[in-house]
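For reference, run_36.cif is printed below; it contains mmCIF, C-alpha atoms.
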```cif
data_run
loop_
_atom_site.label_atom_id
_atom_site.label_comp_id
_atom_site.auth_asym_id
_atom_site.auth_seq_id
_atom_site.Cartn_x
_atom_site.Cartn_y
_atom_site.Cartn_z
CA MET A 1 5.10 -11.04 -24.58
CA VAL A 2 3.19 -8.57 -22.41
CA ASP A 3 5.09 -8.34 -19.13
CA PHE A 4 3.22 -7.74 -15.89
CA THR A 5 5.40 -4.69 -15.31
CA LYS A 6 8.53 -3.14 -16.83
CA LEU A 7 10.10 -0.62 -14.48
CA LYS A 8 12.68 0.34 -17.10
CA ARG A 9 9.94 1.90 -19.24
CA GLN A 10 9.00 4.31 -16.46
CA PHE A 11 12.65 5.08 -15.78
CA ASP A 12 13.22 5.87 -19.45
CA LEU A 13 10.38 8.41 -19.42
CA TYR A 14 12.25 10.54 -16.88
CA ALA A 15 15.81 9.21 -17.20
CA PRO A 16 17.60 12.61 -17.23
CA GLU A 17 15.79 13.65 -14.05
CA TYR A 18 16.60 10.39 -12.26
CA GLU A 19 20.23 10.52 -13.33
CA GLU A 20 20.60 14.15 -12.22
CA ALA A 21 19.02 13.32 -8.84
CA LEU A 22 21.29 10.33 -8.22
CA LEU A 23 24.41 12.26 -9.18
CA ARG A 24 23.32 15.17 -6.98
CA ALA A 25 22.98 12.83 -4.02
CA ALA A 26 26.31 11.15 -4.77
CA ARG A 27 28.18 14.44 -5.12
CA SER A 28 26.74 15.84 -1.89
CA GLY A 29 29.03 13.69 0.23
CA TRP A 30 26.23 13.25 2.80
CA TYR A 31 24.39 9.96 2.51
CA ILE A 32 22.28 9.46 5.66
CA LEU A 33 19.75 11.93 7.17
CA GLY A 34 20.80 14.70 4.82
CA GLY A 35 19.31 17.36 2.61
CA GLU A 36 17.71 14.99 0.10
CA LEU A 37 15.68 13.30 2.83
CA GLN A 38 14.63 16.60 4.34
CA ALA A 39 13.57 17.89 0.93
CA PHE A 40 11.53 14.78 0.14
CA GLU A 41 9.84 14.75 3.55
CA GLU A 42 8.82 18.39 3.11
CA GLN A 43 7.64 17.88 -0.47
CA PHE A 44 5.63 14.75 0.32
CA ALA A 45 4.06 16.40 3.38
CA ALA A 46 3.01 19.35 1.20
CA TYR A 47 1.60 16.99 -1.46
CA LEU A 48 -0.47 15.07 1.08
CA GLY A 49 -1.47 18.11 3.09
CA VAL A 50 -0.04 16.93 6.42
CA GLU A 51 2.36 18.56 8.86
CA HIS A 52 4.99 15.84 9.16
CA VAL A 53 6.52 13.06 7.06
CA VAL A 54 9.20 10.75 8.47
CA GLY A 55 11.20 8.68 5.97
CA VAL A 56 12.14 5.10 6.90
CA ASN A 57 13.70 2.04 5.28
CA SER A 58 10.49 0.40 4.06
CA GLY A 59 6.73 0.23 4.29
CA MET A 60 7.12 -2.72 6.66
CA ASP A 61 9.22 -0.59 9.00
CA ALA A 62 6.65 2.20 8.76
CA LEU A 63 3.90 -0.16 9.95
CA THR A 64 6.00 -1.58 12.75
CA LEU A 65 7.12 1.83 14.02
CA ALA A 66 3.61 3.28 13.78
CA VAL A 67 2.24 0.59 16.08
CA ARG A 68 5.22 0.93 18.43
CA ALA A 69 5.07 4.72 18.60
CA LEU A 70 1.42 4.54 19.68
CA GLY A 71 2.37 2.32 22.62
CA ILE A 72 0.52 -0.72 21.30
CA GLY A 73 1.92 -4.04 22.46
CA PRO A 74 1.21 -7.33 24.26
CA GLY A 75 -2.40 -7.67 25.37
CA ASP A 76 -3.61 -5.09 22.85
CA GLU A 77 -5.66 -5.77 19.72
CA VAL A 78 -5.53 -4.08 16.33
CA ILE A 79 -8.29 -4.61 13.76
CA VAL A 80 -6.92 -5.33 10.28
CA PRO A 81 -8.43 -6.71 7.04
CA ALA A 82 -8.18 -10.46 6.51
CA ASN A 83 -7.47 -10.11 2.77
CA THR A 84 -4.46 -7.80 3.02
CA TYR A 85 -0.82 -8.45 2.22
CA ILE A 86 0.84 -10.00 5.24
CA ALA A 87 2.99 -6.93 5.98
CA SER A 88 -0.05 -5.15 7.41
CA VAL A 89 -0.40 -7.94 9.98
CA LEU A 90 3.33 -8.31 10.61
CA GLY A 91 3.50 -4.69 11.76
CA ILE A 92 1.08 -5.61 14.54
CA THR A 93 2.60 -8.91 15.64
CA GLU A 94 6.15 -7.53 15.51
CA ASN A 95 5.10 -5.44 18.50
CA GLY A 96 3.54 -8.36 20.36
CA ALA A 97 -0.02 -7.15 19.77
CA THR A 98 -2.84 -9.34 18.45
CA PRO A 99 -4.31 -8.85 14.96
CA VAL A 100 -8.09 -9.10 14.83
CA LEU A 101 -9.03 -9.91 11.25
CA VAL A 102 -12.17 -8.68 9.51
CA GLU A 103 -13.69 -9.44 6.13
CA PRO A 104 -13.53 -7.01 3.19
CA ASP A 105 -16.34 -5.18 1.45
CA ASP A 106 -17.04 -5.22 -2.31
CA TYR A 107 -14.07 -2.90 -2.91
CA PHE A 108 -11.36 -5.16 -1.38
CA CYS A 109 -11.26 -2.82 1.65
CA PRO A 110 -12.22 -3.68 5.26
CA ASN A 111 -15.96 -3.74 5.85
CA ALA A 112 -16.87 -0.93 8.25
CA ASP A 113 -19.68 -2.94 9.86
CA ALA A 114 -17.27 -5.83 10.47
CA ILE A 115 -14.80 -3.41 12.04
CA GLU A 116 -17.39 -2.12 14.49
CA ALA A 117 -18.46 -5.65 15.40
CA ALA A 118 -14.86 -6.68 16.11
CA ILE A 119 -14.15 -4.03 18.76
CA THR A 120 -13.45 -5.33 22.28
CA PRO A 121 -12.14 -3.71 25.46
CA ARG A 122 -8.64 -4.69 24.29
CA THR A 123 -8.89 -2.93 20.92
CA LYS A 124 -6.43 -0.06 20.61
CA ALA A 125 -6.42 0.73 16.89
CA ILE A 126 -7.96 0.14 13.48
CA LEU A 127 -5.54 -0.49 10.61
CA PRO A 128 -7.43 0.00 7.31
CA VAL A 129 -5.58 -0.94 4.11
CA HIS A 130 -6.30 0.97 0.89
CA LEU A 131 -5.75 -2.22 -1.08
CA TYR A 132 -4.82 -2.06 -4.77
CA GLY A 133 -5.06 1.75 -4.77
CA GLN A 134 -8.71 2.11 -3.70
CA PRO A 135 -9.53 4.24 -0.64
CA CYS A 136 -11.33 2.59 2.24
CA ASP A 137 -14.51 4.20 3.57
CA MET A 138 -12.45 6.44 5.83
CA GLU A 139 -15.30 8.69 6.90
CA ARG A 140 -17.11 5.74 8.48
CA ILE A 141 -13.97 4.13 9.83
CA CYS A 142 -12.80 7.34 11.49
CA ALA A 143 -16.26 7.89 12.98
CA ILE A 144 -16.15 4.38 14.47
CA ALA A 145 -12.67 5.04 15.85
CA GLU A 146 -13.71 8.35 17.39
CA ARG A 147 -16.75 6.84 19.09
CA ASN A 148 -14.59 4.14 20.63
CA GLY A 149 -11.45 6.13 21.44
CA LEU A 150 -9.24 4.21 18.99
CA PHE A 151 -6.19 5.14 16.97
CA VAL A 152 -6.37 4.84 13.17
CA ILE A 153 -3.25 3.63 11.33
CA GLU A 154 -3.68 3.92 7.56
CA ASP A 155 -1.80 1.47 5.36
CA CYS A 156 -1.27 3.56 2.22
CA ALA A 157 1.34 1.28 0.67
CA GLN A 158 -0.61 1.09 -2.60
CA SER A 159 -2.68 4.28 -2.61
CA HIS A 160 -0.35 7.24 -3.21
CA GLY A 161 -2.60 10.02 -4.48
CA ALA A 162 -5.91 8.19 -4.06
CA ALA A 163 -8.64 10.22 -2.39
CA GLN A 164 -12.09 10.12 -0.82
CA LYS A 165 -14.15 13.24 -1.54
CA GLY A 166 -10.95 14.99 -2.60
CA ARG A 167 -9.07 14.17 0.61
CA LYS A 168 -5.96 12.07 0.04
CA THR A 169 -5.36 8.77 1.74
CA GLY A 170 -2.83 9.23 4.50
CA THR A 171 -4.56 12.32 5.89
CA PHE A 172 -7.47 10.73 7.78
CA SER A 173 -5.57 8.90 10.49
CA THR A 174 -3.48 9.25 13.62
CA VAL A 175 -0.57 8.08 11.51
CA ALA A 176 -0.27 6.77 7.95
CA CYS A 177 2.23 4.30 6.54
CA PHE A 178 3.62 4.39 3.00
CA SER A 179 5.73 1.94 1.04
CA PHE A 180 7.85 3.14 -1.87
CA TYR A 181 8.69 -0.32 -3.19
CA PRO A 182 9.69 0.18 -6.86
CA THR A 183 6.37 -0.99 -8.34
CA LYS A 184 4.22 1.32 -6.19
CA PRO A 185 2.55 4.44 -7.66
CA LEU A 186 5.36 6.41 -6.02
CA GLY A 187 8.29 4.02 -6.21
CA ALA A 188 11.93 4.20 -5.22
CA GLN A 189 14.76 2.23 -6.83
CA GLY A 190 15.03 -0.03 -3.80
CA ASP A 191 13.22 -0.40 -0.50
CA ALA A 192 11.89 2.79 1.07
CA GLY A 193 8.96 3.97 3.17
CA ALA A 194 7.55 6.82 5.22
CA LEU A 195 5.06 7.79 7.90
CA ALA A 196 2.74 10.80 7.81
CA THR A 197 1.05 12.53 10.75
CA ASN A 198 -0.25 15.86 11.97
CA ASP A 199 0.85 15.13 15.54
CA PRO A 200 4.21 16.87 16.22
CA ALA A 201 4.98 14.80 19.32
CA LEU A 202 4.28 11.56 17.46
CA ALA A 203 6.44 12.70 14.53
CA GLU A 204 9.32 13.47 16.88
CA LYS A 205 8.97 10.06 18.51
CA LEU A 206 9.03 8.38 15.10
CA ARG A 207 12.17 10.31 14.12
CA LYS A 208 13.87 9.03 17.25
CA LEU A 209 12.64 5.47 16.81
CA ARG A 210 14.00 5.28 13.23
CA ASN A 211 17.42 6.46 14.45
CA TYR A 212 18.28 4.07 17.30
CA GLY A 213 15.88 5.90 19.61
CA SER A 214 18.09 8.96 19.47
CA GLY A 215 17.26 12.60 18.94
CA LYS A 216 20.78 13.71 19.76
CA LYS A 217 23.93 11.77 18.80
CA TYR A 218 24.84 9.15 21.41
CA VAL A 219 21.82 10.07 23.56
CA ASN A 220 19.27 7.28 23.29
CA GLU A 221 15.92 8.08 24.86
CA LEU A 222 13.99 5.18 23.34
CA VAL A 223 14.68 1.59 22.33
CA GLY A 224 14.81 2.31 18.62
CA VAL A 225 15.92 0.73 15.37
CA ASN A 226 18.02 1.65 12.35
CA SER A 227 15.43 2.55 9.71
CA ARG A 228 16.45 5.66 7.80
CA LEU A 229 15.40 6.48 4.25
CA ASP A 230 18.74 7.00 2.51
CA GLU A 231 19.72 10.00 0.41
CA TYR A 232 19.73 8.16 -2.93
CA GLN A 233 16.17 6.91 -2.53
CA ALA A 234 15.03 10.30 -1.23
CA ALA A 235 16.47 11.93 -4.35
CA VAL A 236 14.77 9.37 -6.63
CA LEU A 237 11.47 9.86 -4.81
CA GLN A 238 11.56 13.60 -5.41
CA VAL A 239 11.54 12.86 -9.14
CA GLY A 240 8.76 10.31 -8.77
CA LEU A 241 6.67 12.71 -6.71
CA ARG A 242 6.87 15.34 -9.46
CA HIS A 243 5.30 12.83 -11.85
CA LEU A 244 2.97 10.99 -9.46
CA GLU A 245 -0.26 12.59 -10.68
CA GLU A 246 0.80 12.00 -14.27
CA GLY A 247 1.51 8.35 -13.50
CA ASN A 248 -1.78 7.87 -11.69
CA ALA A 249 -3.61 9.33 -14.68
CA TYR A 250 -1.72 6.95 -17.00
CA ARG A 251 -2.84 3.89 -15.03
CA GLN A 252 -6.38 5.25 -14.78
CA ARG A 253 -6.52 5.48 -18.58
CA ILE A 254 -5.50 1.84 -18.85
CA ALA A 255 -8.04 0.90 -16.17
CA GLU A 256 -10.76 2.77 -18.05
CA ARG A 257 -10.04 0.73 -21.16
CA TYR A 258 -10.14 -2.54 -19.19
CA LEU A 259 -13.41 -1.55 -17.53
CA ASN A 260 -15.04 -0.51 -20.81
CA GLU A 261 -13.66 -3.16 -23.14
CA ILE A 262 -13.36 -6.38 -21.13
CA ARG A 263 -16.71 -8.08 -21.62
CA ASN A 264 -16.07 -11.67 -20.63
CA PRO A 265 -18.93 -12.71 -18.29
CA LEU A 266 -16.57 -15.09 -16.48
CA VAL A 267 -14.40 -12.19 -15.34
CA GLU A 268 -15.59 -9.87 -12.54
CA LEU A 269 -14.14 -6.39 -12.88
CA PRO A 270 -13.20 -4.20 -9.90
CA LYS A 271 -15.63 -1.58 -8.60
CA THR A 272 -14.78 1.95 -7.46
CA ARG A 273 -16.43 3.34 -4.35
CA ASN A 274 -18.60 6.45 -4.78
CA HIS A 275 -16.77 9.75 -4.24
CA CYS A 276 -13.39 8.00 -4.42
CA SER A 277 -10.51 8.20 -6.86
CA HIS A 278 -8.81 4.84 -7.48
CA VAL A 279 -5.15 4.98 -8.56
CA PHE A 280 -5.06 1.32 -9.71
CA HIS A 281 -1.75 0.20 -8.30
CA VAL A 282 -3.24 -3.18 -9.16
CA PHE A 283 -6.08 -3.95 -11.59
CA ALA A 284 -7.64 -6.87 -9.73
CA VAL A 285 -10.22 -9.02 -11.48
CA GLN A 286 -11.90 -12.10 -10.04
CA CYS A 287 -12.61 -15.32 -11.84
CA ALA A 288 -13.92 -18.61 -10.45
CA LYS A 289 -11.51 -20.34 -12.87
CA ARG A 290 -8.60 -18.06 -12.01
CA ASP A 291 -5.81 -20.58 -12.57
CA ALA A 292 -7.21 -21.60 -15.95
CA LEU A 293 -7.55 -17.92 -16.91
CA GLN A 294 -3.97 -17.21 -15.88
CA ALA A 295 -2.66 -20.15 -17.90
CA PHE A 296 -4.81 -19.14 -20.90
CA LEU A 297 -3.46 -15.58 -20.84
CA LEU A 298 0.14 -16.77 -20.55
CA GLU A 299 -0.35 -18.99 -23.61
CA ARG A 300 -1.39 -15.83 -25.46
CA GLY A 301 1.61 -13.89 -24.29
CA VAL A 302 0.15 -12.04 -21.28
CA LYS A 303 1.81 -12.31 -17.87
CA THR A 304 -0.30 -11.82 -14.74
CA LEU A 305 0.07 -12.12 -10.95
CA CYS A 306 -2.12 -13.30 -8.08
CA HIS A 307 -2.56 -10.97 -5.10
CA TYR A 308 -2.51 -12.71 -2.61
CA PRO A 309 -2.99 -16.49 -3.05
CA ILE A 310 -2.67 -17.36 0.67
CA PRO A 311 -4.42 -14.99 3.10
CA PRO A 312 -2.56 -14.12 6.31
CA HIS A 313 -4.74 -16.26 8.60
CA LEU A 314 -3.80 -19.40 6.61
CA GLN A 315 -0.07 -18.67 6.55
CA GLU A 316 2.06 -21.09 8.57
CA CYS A 317 3.61 -18.27 10.60
CA TYR A 318 0.18 -17.37 12.02
CA ALA A 319 -0.94 -20.89 12.92
CA TYR A 320 -0.66 -19.83 16.57
CA LEU A 321 -3.64 -17.48 16.11
CA GLY A 322 -5.83 -20.57 15.77
CA HIS A 323 -7.62 -19.72 12.55
CA LYS A 324 -8.67 -22.37 10.06
CA LYS A 325 -9.87 -22.50 6.48
CA GLY A 326 -13.45 -21.29 6.36
CA ASP A 327 -13.06 -18.66 9.10
CA PHE A 328 -12.96 -15.81 6.56
CA PRO A 329 -14.76 -17.11 3.48
CA ILE A 330 -14.88 -13.81 1.58
CA SER A 331 -11.14 -13.27 1.96
CA GLU A 332 -10.46 -16.89 1.06
CA ARG A 333 -12.61 -16.63 -2.06
CA MET A 334 -10.75 -13.50 -3.12
CA ALA A 335 -7.43 -15.27 -2.58
CA GLU A 336 -8.60 -18.14 -4.79
CA GLN A 337 -10.13 -15.96 -7.53
CA GLU A 338 -8.07 -12.74 -7.73
CA LEU A 339 -5.93 -12.13 -10.81
CA SER A 340 -4.00 -8.93 -11.52
CA LEU A 341 -3.73 -7.71 -15.09
CA PRO A 342 -0.73 -5.66 -16.32
CA ILE A 343 -1.07 -1.95 -15.54
CA TYR A 344 1.93 0.35 -15.19
CA VAL A 345 3.33 3.67 -16.33
CA GLY A 346 4.84 3.31 -19.79
CA MET A 347 2.75 0.30 -20.80
CA PRO A 348 2.00 0.71 -24.53
CA MET A 349 -1.66 0.89 -25.47
CA GLU A 350 -1.19 -1.82 -28.07
CA GLU A 351 -0.25 -4.16 -25.21
CA VAL A 352 -3.37 -3.07 -23.34
CA THR A 353 -5.35 -4.07 -26.42
CA GLN A 354 -3.61 -7.45 -26.44
CA VAL A 355 -4.58 -8.03 -22.80
CA ILE A 356 -8.22 -7.10 -23.46
CA GLU A 357 -8.48 -9.37 -26.49
CA ALA A 358 -6.91 -12.27 -24.61
CA VAL A 359 -9.23 -11.89 -21.59
CA ASN A 360 -12.30 -11.65 -23.82
CA ALA A 361 -11.23 -14.81 -25.66
CA PHE A 362 -11.09 -16.94 -22.48
CA PRO A 363 -13.71 -19.71 -22.96
CA GLY A 364 -13.65 -21.00 -19.39
CA ASP A 365 -14.08 -24.65 -20.35
#
```

Would you put the structure from the file into structure tokens?
Amino acid sequence: MVDFTKLKRQFDLYAPEYEEALLRAARSGWYILGGELQAFEEQFAAYLGVEHVVGVNSGMDALTLAVRALGIGPGDEVIVPANTYIASVLGITENGATPVLVEPDDYFCPNADAIEAAITPRTKAILPVHLYGQPCDMERICAIAERNGLFVIEDCAQSHGAAQKGRKTGTFSTVACFSFYPTKPLGAQGDAGALATNDPALAEKLRKLRNYGSGKKYVNELVGVNSRLDEYQAAVLQVGLRHLEEGNAYRQRIAERYLNEIRNPLVELPKTRNHCSHVFHVFAVQCAKRDALQAFLLERGVKTLCHYPIPPHLQECYAYLGHKKGDFPISERMAEQELSLPIYVGMPMEEVTQVIEAVNAFPGD
């Protein structure tokens, strides 16, 4: 059986480093807001090429705190792609703001023309999502934001190390949000996240917000939360960061084989935007007979996943926004046709071959 992912295989590649890092954190005797977190924040900031990184509990918390730190709330609008994972939208609504959904382009990223058309006097920010590891057209999006005086909040949950014209995702925006969920290109061994910014005042505000709104013990300047990246995860992430480029290259090699060797006309392969490096957190194909393809592959020993079968605007929790089926036909088609093939660090090439042969054998009838 070809599993969709096997995290243990990646752990085994670097097991001595992970074990040393965890023991180092355990033996330190300091488990919250300590040296491991400081070291990871500094290392990740240097990797990205930004001034400040602020570690938090999760990518969801990063999104929520980014919106909050920018003063966005009730009566404000934030433009966000309609085909994203729901967390991108939850970060907006958690602050009482209104998500304004836009359709994606051919690369699963928000369409820049649709973004510009969606701007109203209430718009405060654009929240592009580098979905599946592919950079959005950040040059155009940032130009639109600058013309209209808007913040840009990058959702980099799936794009660690991806770049447009050599510039990494997470460096284009007012503030960028990262998830380190275990399956991500840079993954922790539990929930973890971070924010990145070049604005020192914003970074300081985020540090306070993650720590009960406090910059000094028992002095609470803001209404904050408890969202602190713990020392164990920070230690694990330092190991992962050392091997991030290696891991991205591993997935890119698998993706190259899929792109060159899958030849089934019923299966639409993903495209990569010009001047962009795709890190393939997910290898997303589209097929009009997606469910039949998924069942066919499982019969041949290949596990797959669907990202994401119900788009945010059709989720029950967002019924109050008043959207209905048919409002975002491109996003809805993607939700009905997207299928993710196995792609992860440590996946044996013989299993990649098995996936390719199985996809090519799908008859579609």

Quick one: residues within 12 Å of Gly326 (chain A), all atoms listed in the file, excluding same-chain residues fewer than 6 positions away - as a compact mmCIF listing (two decimals) with C-alpha atoms, in the coordinates of the input?
```
# COMPACT_ATOMS: atom_id res chain seq x y z
CA GLU A 103 -13.69 -9.44 6.13
CA PRO A 311 -4.42 -14.99 3.10
CA HIS A 313 -4.74 -16.26 8.60
CA LEU A 314 -3.80 -19.40 6.61
CA GLU A 332 -10.46 -16.89 1.06
CA ARG A 333 -12.61 -16.63 -2.06
```

Point (-1.3, -4.7, 11.8) neighbourhood (9 Å, only C-alpha atoms) written as a PyMOL selection string: chain A and resi 63-64+67+78-81+86-94+97-100+126-128+153+155

Keeping only C-alpha atoms, take the residues you just selected and write them out as a short mmCIF file (atom, residue, chain, number, x, y, z; two decimals), in the coordinates of the input.
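Produced file result.cif, reproduced below:
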```
data_model
loop_
_atom_site.label_atom_id
_atom_site.label_comp_id
_atom_site.auth_asym_id
_atom_site.auth_seq_id
_atom_site.Cartn_x
_atom_site.Cartn_y
_atom_site.Cartn_z
CA LEU A 63 3.90 -0.16 9.95
CA THR A 64 6.00 -1.58 12.75
CA VAL A 67 2.24 0.59 16.08
CA VAL A 78 -5.53 -4.08 16.33
CA ILE A 79 -8.29 -4.61 13.76
CA VAL A 80 -6.92 -5.33 10.28
CA PRO A 81 -8.43 -6.71 7.04
CA ILE A 86 0.84 -10.00 5.24
CA ALA A 87 2.99 -6.93 5.98
CA SER A 88 -0.05 -5.15 7.41
CA VAL A 89 -0.40 -7.94 9.98
CA LEU A 90 3.33 -8.31 10.61
CA GLY A 91 3.50 -4.69 11.76
CA ILE A 92 1.08 -5.61 14.54
CA THR A 93 2.60 -8.91 15.64
CA GLU A 94 6.15 -7.53 15.51
CA ALA A 97 -0.02 -7.15 19.77
CA THR A 98 -2.84 -9.34 18.45
CA PRO A 99 -4.31 -8.85 14.96
CA VAL A 100 -8.09 -9.10 14.83
CA ILE A 126 -7.96 0.14 13.48
CA LEU A 127 -5.54 -0.49 10.61
CA PRO A 128 -7.43 0.00 7.31
CA ILE A 153 -3.25 3.63 11.33
CA ASP A 155 -1.80 1.47 5.36
#
```

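Nearest to Arg251 (chain A) of all the residues A:Lys217, A:Arg210, A:His278, A:Arg228 is A:His278, counting all atoms listed in the file.
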
Point-to-point distance in Å for CA of Phe328 (chain A) and CA of Ser179 (chain A):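 Answer for the CA of Ser179 (chain A) to CA of Phe328 (chain A) separation: 26.4 Å.
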
Residues near Arg167 (chain A), cut-off 12 Å, all atoms listed in the file, skip fewer than 2 positions along chain, as a PDB file with C-alpha atoms, in the frame of the given file:
```
ATOM      1  CA  TYR A  47       1.600  16.990  -1.460  1.00  0.00           C
ATOM      2  CA  LEU A  48      -0.470  15.070   1.080  1.00  0.00           C
ATOM      3  CA  GLY A  49      -1.470  18.110   3.090  1.00  0.00           C
ATOM      4  CA  VAL A  50      -0.040  16.930   6.420  1.00  0.00           C
ATOM      5  CA  PRO A 135      -9.530   4.240  -0.640  1.00  0.00           C
ATOM      6  CA  CYS A 136     -11.330   2.590   2.240  1.00  0.00           C
ATOM      7  CA  ASP A 137     -14.510   4.200   3.570  1.00  0.00           C
ATOM      8  CA  MET A 138     -12.450   6.440   5.830  1.00  0.00           C
ATOM      9  CA  GLU A 139     -15.300   8.690   6.900  1.00  0.00           C
ATOM     10  CA  HIS A 160      -0.350   7.240  -3.210  1.00  0.00           C
ATOM     11  CA  GLY A 161      -2.600  10.020  -4.480  1.00  0.00           C
ATOM     12  CA  ALA A 162      -5.910   8.190  -4.060  1.00  0.00           C
ATOM     13  CA  ALA A 163      -8.640  10.220  -2.390  1.00  0.00           C
ATOM     14  CA  GLN A 164     -12.090  10.120  -0.820  1.00  0.00           C
ATOM     15  CA  LYS A 165     -14.150  13.240  -1.540  1.00  0.00           C
ATOM     16  CA  THR A 169      -5.360   8.770   1.740  1.00  0.00           C
ATOM     17  CA  GLY A 170      -2.830   9.230   4.500  1.00  0.00           C
ATOM     18  CA  THR A 171      -4.560  12.320   5.890  1.00  0.00           C
ATOM     19  CA  PHE A 172      -7.470  10.730   7.780  1.00  0.00           C
ATOM     20  CA  SER A 173      -5.570   8.900  10.490  1.00  0.00           C
ATOM     21  CA  HIS A 275     -16.770   9.750  -4.240  1.00  0.00           C
ATOM     22  CA  CYS A 276     -13.390   8.000  -4.420  1.00  0.00           C
ATOM     23  CA  SER A 277     -10.510   8.200  -6.860  1.00  0.00           C
TER      24      SER A 277
END
```

Distance of CA of Ala194 (chain A) from CA of Pro342 (chain A), expressed in Å to one decimal place: 26.2 Å

Two-atom distance - CA of Phe178 (chain A), CA of Arg253 (chain A) (Å):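 Interatomic distance here is 23.9 Å.
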
Resolved residues for the PyMOL selection byres ((chain A and resi 106-114) around 7) as number ranges by chain: A: 81, 102-105, 115-118, 128-131, 136, 140-141, 271-273

Which of A:Ser340, A:Gln233, A:Gln294, A:Gln315 sits closest to Leu22 (chain A) [using all atoms listed in the file]: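 Of A:Ser340, A:Gln233, A:Gln294, A:Gln315, the one nearest Leu22 (chain A) is A:Gln233, counting all atoms listed in the file.
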
Given all atoms listed in the file as the counted atoms, nearest of A:Gln10, A:Thr353, A:Gln286, A:Asn226 to Arg207 (chain A):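 The shortest atom-to-atom distance to Arg207 (chain A) comes from A:Asn226.
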
Spatial neighbours of Lys8 (chain A), 10 Å, only C-alpha atoms, chain gap at least 6 places, as a PyMOL selection string: chain A and resi 15+345-346

Neighbour list for Ala188 (chain A) as a compact mmCIF listing (two decimals) with C-alpha atoms, in the coordinates of the input, cut-off 6 Å, all atoms listed in the file, skip fewer than 2 positions in-chain:
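This is the output file part.txt:
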```txt
# COMPACT_ATOMS: atom_id res chain seq x y z
CA PHE A 180 7.85 3.14 -1.87
CA TYR A 181 8.69 -0.32 -3.19
CA PRO A 182 9.69 0.18 -6.86
CA GLY A 190 15.03 -0.03 -3.80
CA GLN A 233 16.17 6.91 -2.53
CA LEU A 237 11.47 9.86 -4.81
```

Matched chain/residue IDs from the PyMOL selection byres ((chain A and resi 34) around 12), as a VMD selection string: chain A and resid 25 to 26 28 to 33 35 to 41 55 228 to 235

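Minimum atom-to-atom distances from A:Ala66, A:Ala82, A:Cys142, A:Val54 to Ala192 (chain A) were compared using all atoms listed in the file, and the lowest value belongs to A:Val54.
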
Selected residue, from A:Gly166, A:Gly215, A:Pro200, A:Gly224, that lies nearest to Glu51 (chain A) when counting all atoms listed in the file: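 Nearest candidate to Glu51 (chain A) out of A:Gly166, A:Gly215, A:Pro200, A:Gly224: A:Pro200.
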
Hits from the PyMOL selection byres ((chain A and resi 72) around 10), listed as an NGL selection string: :A and (66-71 or 73-78 or 92 or 95-98 or 123-125 or 151)

Selected residue, from A:Ile356, A:Leu150, A:Leu209, A:Val285, that lies nearest to Thr120 (chain A) when counting all atoms listed in the file: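 Of all the options, A:Leu150 lies closest to Thr120 (chain A).
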
Distance query region 254-257 of chain A at most 12 Å, all atoms listed in the file, self and fewer than 5 positions along chain excluded, as a PyMOL selection string: chain A and resi 133+247-249+262-263+269-272+278-285+340-357

Provide region 94-104 of chain A of the preceding structure as a file containing N, CA and C atoms, as a tab-separated table (two decimals), in the first residue's frame.
```tsv
chain	number	residue	atom	x	y	z
A	94	GLU	N	-12.93	35.46	12.95
A	94	GLU	CA	-12.65	35.41	14.39
A	94	GLU	C	-12.50	36.82	14.96
A	95	ASN	N	-12.15	37.76	14.11
A	95	ASN	CA	-12.00	39.15	14.52
A	95	ASN	C	-13.22	40.00	14.21
A	96	GLY	N	-14.29	39.37	13.74
A	96	GLY	CA	-15.53	40.10	13.46
A	96	GLY	C	-15.55	40.79	12.12
A	97	ALA	N	-14.48	40.63	11.32
A	97	ALA	CA	-14.43	41.24	9.99
A	97	ALA	C	-15.15	40.34	8.98
A	98	THR	N	-15.36	40.87	7.79
A	98	THR	CA	-16.11	40.16	6.75
A	98	THR	C	-15.17	39.66	5.66
A	99	PRO	N	-15.18	38.37	5.37
A	99	PRO	CA	-14.38	37.85	4.26
A	99	PRO	C	-15.07	38.13	2.93
A	100	VAL	N	-14.32	38.66	1.99
A	100	VAL	CA	-14.82	38.88	0.64
A	100	VAL	C	-14.08	37.89	-0.26
A	101	LEU	N	-14.81	36.91	-0.76
A	101	LEU	CA	-14.20	35.79	-1.48
A	101	LEU	C	-14.01	36.11	-2.96
A	102	VAL	N	-12.88	35.64	-3.50
A	102	VAL	CA	-12.61	35.82	-4.93
A	102	VAL	C	-12.17	34.49	-5.52
A	103	GLU	N	-12.39	34.35	-6.81
A	103	GLU	CA	-12.07	33.12	-7.51
A	103	GLU	C	-10.55	32.98	-7.74
A	104	PRO	N	-10.08	31.75	-7.90
A	104	PRO	CA	-8.66	31.51	-8.16
A	104	PRO	C	-8.32	31.64	-9.64
```
